[in-house]
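What follows is the content of input-v1.txt (compact mmCIF, C-alpha atoms).
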# COMPACT_ATOMS: atom_id res chain seq x y z
CA MET A 1 78.71 116.87 106.03
CA THR A 2 79.69 120.54 106.10
CA ILE A 3 82.13 122.02 103.59
CA GLU A 4 84.58 122.53 106.47
CA LEU A 5 84.51 118.83 107.35
CA LEU A 6 84.73 117.88 103.68
CA ASN A 7 87.87 119.99 103.27
CA GLU A 8 89.32 118.62 106.51
CA GLY A 9 88.68 115.06 105.33
CA CYS A 10 90.27 115.66 101.94
CA LYS A 11 93.35 117.16 103.57
CA TYR A 12 93.65 114.25 106.01
CA ALA A 13 93.23 111.58 103.32
CA GLU A 14 95.60 113.32 100.93
CA ASN A 15 98.23 113.37 103.66
CA ALA A 16 97.72 109.63 104.22
CA PHE A 17 98.12 109.14 100.47
CA GLN A 18 101.11 111.37 99.75
CA GLY A 19 102.18 113.11 102.96
CA GLU A 20 105.58 112.85 104.62
CA ASN A 21 104.18 112.89 108.17
CA SER A 22 101.20 110.56 107.96
CA HIS A 23 100.49 108.35 110.97
CA LEU A 24 100.39 105.47 108.47
CA ASN A 25 103.98 105.91 107.27
CA LEU A 26 105.08 102.99 109.44
CA ASP A 27 102.54 100.76 107.72
CA LYS A 28 103.81 101.95 104.35
CA LYS A 29 107.43 101.27 105.26
CA LEU A 30 106.79 97.73 106.49
CA ILE A 31 104.54 96.89 103.54
CA LYS A 32 107.15 98.10 101.04
CA GLU A 33 109.90 96.14 102.79
CA ASN A 34 108.00 92.86 103.12
CA PHE A 35 105.39 92.63 100.36
CA ASP A 36 105.07 92.93 96.61
CA PHE A 37 101.54 93.71 95.44
CA SER A 38 102.43 93.67 91.73
CA ASN A 39 99.64 92.06 89.70
CA LYS A 40 97.72 91.32 92.91
CA LYS A 41 94.09 91.94 93.80
CA ILE A 42 93.83 93.93 97.04
CA LEU A 43 90.88 94.59 99.34
CA ASP A 44 91.29 97.65 101.58
CA PHE A 45 88.70 96.82 104.22
CA GLY A 46 87.48 99.84 106.18
CA CYS A 47 89.28 102.05 103.69
CA GLY A 48 88.04 105.24 105.32
CA MET A 49 88.71 108.26 103.13
CA GLY A 50 90.88 106.27 100.75
CA GLY A 51 94.36 107.61 101.40
CA MET A 52 96.02 104.22 101.74
CA THR A 53 93.83 102.69 99.04
CA LEU A 54 95.14 105.21 96.55
CA TRP A 55 98.68 104.65 97.81
CA TYR A 56 98.52 100.91 97.08
CA ALA A 57 97.09 101.59 93.64
CA THR A 58 99.86 104.02 92.71
CA GLN A 59 102.78 102.08 94.22
CA TRP A 60 102.12 98.83 92.36
CA ASN A 61 100.48 97.58 89.20
CA CYS A 62 97.61 96.06 91.15
CA THR A 63 93.82 96.23 91.43
CA VAL A 64 92.44 97.72 94.64
CA HIS A 65 88.91 97.58 96.04
CA GLY A 66 88.15 99.90 98.96
CA VAL A 67 85.05 99.32 101.09
CA ASP A 68 83.72 101.31 104.04
CA VAL A 69 80.43 101.72 105.92
CA ASP A 70 80.65 105.53 106.15
CA ALA A 71 79.16 107.45 103.22
CA ASN A 72 81.14 110.60 104.06
CA HIS A 73 84.39 108.66 103.87
CA ILE A 74 83.52 107.15 100.50
CA GLU A 75 82.52 110.57 99.15
CA ILE A 76 85.95 111.97 100.02
CA ALA A 77 87.71 108.89 98.61
CA GLU A 78 85.93 109.35 95.29
CA ILE A 79 86.90 113.03 95.19
CA LEU A 80 90.59 112.18 95.63
CA LYS A 81 90.41 109.32 93.15
CA THR A 82 89.08 111.74 90.53
CA LYS A 83 91.52 114.51 91.47
CA HIS A 84 94.56 112.24 91.13
CA LYS A 85 93.18 110.28 88.16
CA VAL A 86 93.78 106.88 89.73
CA LYS A 87 92.20 104.24 87.50
CA ASN A 88 93.01 100.90 89.13
CA VAL A 89 90.91 101.43 92.26
CA ASN A 90 87.21 101.39 93.02
CA PHE A 91 85.44 102.48 96.19
CA GLU A 92 82.22 101.04 97.54
CA LEU A 93 79.86 101.89 100.39
CA ARG A 94 79.23 98.44 101.81
CA ASP A 95 78.40 96.64 105.05
CA VAL A 96 79.77 93.15 104.45
CA LEU A 97 77.53 91.65 107.14
CA GLU A 98 74.49 92.76 105.13
CA LYS A 99 76.06 92.30 101.69
CA PRO A 100 78.76 89.60 101.95
CA LEU A 101 81.85 89.66 99.77
CA THR A 102 81.82 87.38 96.73
CA GLU A 103 85.24 88.02 95.18
CA LYS A 104 88.64 86.56 96.08
CA TYR A 105 91.63 88.73 97.01
CA ASP A 106 95.36 88.09 97.25
CA TYR A 107 95.68 90.47 100.19
CA ILE A 108 93.07 91.94 102.50
CA ILE A 109 94.28 94.96 104.46
CA LEU A 110 92.87 96.58 107.60
CA ASN A 111 94.87 99.69 108.56
CA ASP A 112 93.79 101.06 111.95
CA VAL A 113 90.33 99.53 111.50
CA ALA A 114 90.03 96.46 113.73
CA GLU A 115 90.12 98.42 117.00
CA HIS A 116 86.93 100.25 115.96
CA ILE A 117 84.89 97.08 115.36
CA PRO A 118 82.93 95.58 118.31
CA MET A 119 84.52 92.30 119.35
CA ASP A 120 81.34 90.28 118.76
CA ILE A 121 81.32 91.56 115.16
CA LEU A 122 85.06 91.42 114.51
CA ASP A 123 85.13 87.63 114.55
CA LYS A 124 82.22 87.45 112.07
CA ILE A 125 84.00 89.86 109.74
CA LEU A 126 87.30 87.99 109.94
CA VAL A 127 85.51 84.72 109.12
CA GLN A 128 84.18 86.36 105.97
CA LEU A 129 87.54 87.87 105.09
CA LYS A 130 89.17 84.46 105.49
CA ALA A 131 86.64 83.03 103.00
CA SER A 132 87.51 85.86 100.60
CA LEU A 133 91.24 85.06 100.47
CA ALA A 134 92.69 83.62 97.29
CA PRO A 135 94.98 80.57 97.75
CA GLY A 136 98.22 81.68 99.40
CA GLY A 137 96.75 85.05 100.33
CA GLY A 138 97.05 86.95 103.58
CA ILE A 139 95.18 89.34 105.86
CA PHE A 140 97.33 92.35 106.85
CA LEU A 141 96.11 94.03 110.01
CA SER A 142 97.55 97.02 111.88
CA TYR A 143 96.27 98.65 115.06
CA PRO A 144 97.48 100.45 118.19
CA PRO A 145 97.21 97.89 121.04
CA TRP A 146 95.18 98.97 124.04
CA GLU A 147 98.16 98.99 126.40
CA GLY A 148 100.12 101.32 124.12
CA PRO A 149 100.59 105.10 124.31
CA TYR A 150 98.32 105.97 121.38
CA ALA A 151 95.48 103.45 121.76
CA SER A 152 92.97 106.08 122.89
CA HIS A 153 93.09 107.94 119.55
CA LEU A 154 93.03 111.10 121.69
CA ASN A 155 96.74 111.88 121.68
CA HIS A 156 96.36 114.19 118.65
CA VAL A 157 93.84 116.23 120.66
CA LEU A 158 95.36 116.13 124.13
CA GLY A 159 99.03 115.43 123.46
CA LEU A 160 98.75 112.98 126.33
CA PRO A 161 99.83 109.35 125.77
CA TRP A 162 98.21 106.50 127.72
CA CYS A 163 95.21 108.69 128.55
CA GLN A 164 92.94 105.61 128.24
CA PHE A 165 94.11 104.73 131.75
CA LEU A 166 92.84 107.96 133.29
CA PRO A 167 89.69 107.69 135.43
CA ASP A 168 86.69 108.20 133.18
CA PHE A 169 85.43 111.27 135.04
CA MET A 170 88.82 112.93 134.62
CA LEU A 171 89.02 112.17 130.90
CA LYS A 172 85.51 113.52 130.36
CA LYS A 173 86.46 116.73 132.17
CA ILE A 174 89.63 117.17 130.12
CA MET A 175 87.73 116.55 126.87
CA ALA A 176 84.67 118.62 127.77
CA ASN A 177 85.65 121.57 125.58
CA LYS A 178 87.62 119.59 123.01
CA ASP A 179 85.03 117.12 121.74
CA ARG A 180 83.68 117.75 118.24
CA VAL A 181 82.10 116.07 115.25
CA LEU A 182 84.53 114.18 113.03
CA VAL A 183 84.49 113.82 109.25
CA GLY A 184 82.40 110.69 109.65
CA LYS A 185 79.17 110.73 111.63
CA LYS A 186 80.50 110.57 115.19
CA THR A 187 82.22 112.79 117.73
CA ILE A 188 85.73 112.20 119.05
CA MET A 189 84.42 110.83 122.35
CA GLN A 190 81.81 108.62 120.70
CA GLU A 191 84.62 106.98 118.76
CA TYR A 192 86.70 106.66 121.92
CA TYR A 193 83.96 104.85 123.83
CA GLU A 194 83.39 102.49 120.89
CA LEU A 195 87.02 101.29 120.84
CA ASN A 196 87.18 97.55 121.59
CA HIS A 197 90.42 97.55 123.67
CA LEU A 198 92.07 95.24 121.14
CA ASN A 199 95.48 93.75 121.90
CA HIS A 200 97.51 90.86 120.52
CA ASN A 201 96.13 88.28 122.95
CA ARG A 202 92.51 89.14 122.19
CA LEU A 203 93.14 89.15 118.46
CA SER A 204 95.07 85.86 118.61
CA ARG A 205 92.15 84.11 120.30
CA ILE A 206 89.85 85.14 117.46
CA ILE A 207 92.37 84.13 114.82
CA ASP A 208 92.92 80.73 116.43
CA ASN A 209 89.18 80.10 116.70
CA ILE A 210 88.57 80.72 113.00
CA GLY A 211 91.53 78.66 111.84
CA LEU A 212 93.98 81.28 110.58
CA ASN A 213 97.74 81.15 111.17
CA LEU A 214 100.13 83.95 112.13
CA LYS A 215 102.62 84.54 109.30
CA TYR A 216 104.24 87.80 110.42
CA ARG A 217 104.25 90.06 113.45
CA LYS A 218 105.94 93.39 114.05
CA SER A 219 105.40 95.11 117.39
CA HIS A 220 106.62 98.65 116.82
CA SER A 221 107.83 100.09 120.10
CA ARG A 222 109.07 103.42 121.36
CA LEU A 223 112.30 101.53 122.02
CA ASN A 224 112.80 101.00 118.28
CA ARG A 225 114.05 104.58 118.00
CA TYR A 226 117.27 103.47 119.71
CA THR A 227 119.93 101.80 117.57
CA TRP A 228 120.33 98.71 119.76
CA PHE A 229 116.60 98.00 119.58
CA SER A 230 115.80 99.29 116.08
CA ASN A 231 114.95 95.90 114.58
CA LYS A 232 113.72 94.13 117.70
CA ASN A 233 110.22 92.92 118.53
CA ILE A 234 109.98 93.93 122.19
CA ASN A 235 106.48 92.88 123.17
CA PHE A 236 106.73 91.05 126.48
CA GLY A 237 106.01 92.01 130.09
CA ILE A 238 105.84 95.70 130.90
CA PHE A 239 107.37 96.53 127.50
CA LYS A 240 103.97 95.96 125.89
CA PHE A 241 103.00 99.40 127.23
CA LEU A 242 105.57 100.94 124.86
CA ILE A 243 104.14 99.33 121.70
CA THR A 244 102.78 102.05 119.43
CA LYS A 245 101.45 99.71 116.77
CA GLU A 246 100.98 96.01 116.14
CA ILE A 247 101.28 94.86 112.54
CA VAL A 248 100.37 91.25 111.81
CA VAL A 249 99.68 89.08 108.77
CA PHE A 250 97.45 86.01 108.99
CA GLY A 251 96.68 83.41 106.37
Could I get this file's structure written as structure tokens?
Amino acid sequence: MTIELLNEGCKYAENAFQGENSHLNLDKKLIKENFDFSNKKILDFGCGMGGMTLWYATQWNCTVHGVDVDANHIEIAEILKTKHKVKNVNFELRDVLEKPLTEKYDYIILNDVAEHIPMDILDKILVQLKASLAPGGGIFLSYPPWEGPYASHLNHVLGLPWCQFLPDFMLKKIMANKDRVLVGKKTIMQEYYELNHLNHNRLSRIIDNIGLNLKYRKSHSRLNRYTWFSNKNINFGIFKFLITKEIVVFG
């Protein structure tokens, strides 16, 4: 990892941790409104560069364990942990399919992670996460559904919502001079082509098959910006194309 990418990663993760304009601010808002992590043991699965992991650890008196498969991400997470002197968190480079989890957690959180995991692996991981839940615990999962405007993860580059529906040749042409290596080990387009096209129906089938139950669902829509729809879950018919993020809790 170059020093430029290291600095970029630190800036990105610090914004997720403390920034006012982080793309994870919706997750933070809904978590604060609906959950109390005081004295809980939290697993941040696919913690990335640790921004949210550090946020949990500083918002509540809890213990947080962040795991990720990318060494560059964990390196940045450790840098920020040291910089901000956060004691109640530990980060670990770990592939849980090769080294299964052995501890129990009150909450297991996947923020913008599940859509990056191949579908044939996602069910195996969720089976293991289910086995790692303490009694009464829950799995919190957020992701941009494939039908939504930001599912491509390219909007920050192109400023073009729903670009996942463009013909592939056209998208490749548009991205030809914009693709680059990310802080991890992949390029923007490599990450795009590895997205699993996750949506609520596909996730629900997995959850049903492994015996988990839906406890909470928030479908955040572009319509929620309007007063009449601010607290509504509008996730049916053509309105699913306006959902910017699905947030669900299973247990």
Exercise. Rounded to one decimal in Å, what is the spacing between atom CA of A:Asp36 and atom CA of A:Asn224?
Worked result: 24.4 Å
For this session: Within 6 Å of stretch 189-204 of chain A, counting all atoms listed in the file, which residues show up once you throw out same-chain ones fewer than 6 positions away? Write them as an MDAnalysis selection string, please.
Result: chainID A and resid 115:116 118 145:146
Problem set entry | Point-to-point distance in Å for atom CA of A:Val69 and atom CA of A:Lys29 | 27.0 Å
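The shortest atom-to-atom distance to A:Leu182, with only C-alpha atoms taken into account, belongs to A:His73 out of A:Asn61, A:His73, A:Lys83, A:Asp44.
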For this session: Would you mind listing what lies within 9 Å of A:Ile74 as a ChimeraX atom specification, with all atoms listed in the file counted and same-chain residues fewer than 2 positions away left out?
Result: /A:47-50,66-72,76-79,91-93
Seminar exercise, completed: Separating atom CA of A:Asn155 from atom CA of A:Asp168, to the nearest tenth of an Å, is a gap of 15.7 Å
Problem set entry | Surrounding residues of A:Phe35 excluding itself and chain neighbours under 6 positions, 12 Å, all atoms listed in the file, as a list in words |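 The filter keeps Asp27, Lys28, Lys29, Tyr56, Gln59, Trp60, Asp106, Tyr107, Gly137, Gly138, Phe140, Tyr216 and Val249 of chain A.
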For this session: Can you work out which one of A:Phe236, A:Trp228, A:Trp55, A:Phe241 has the shortest atom-to-atom distance to A:Gly19, counting all atoms listed in the file?
Result: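 Selected residue with least distance to A:Gly19: A:Trp55.
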Problem set entry | Counting all atoms listed in the file, the option among A:Asn90, A:Asn209, A:Leu43, A:Ile238 closest to A:Leu129 | A:Leu43
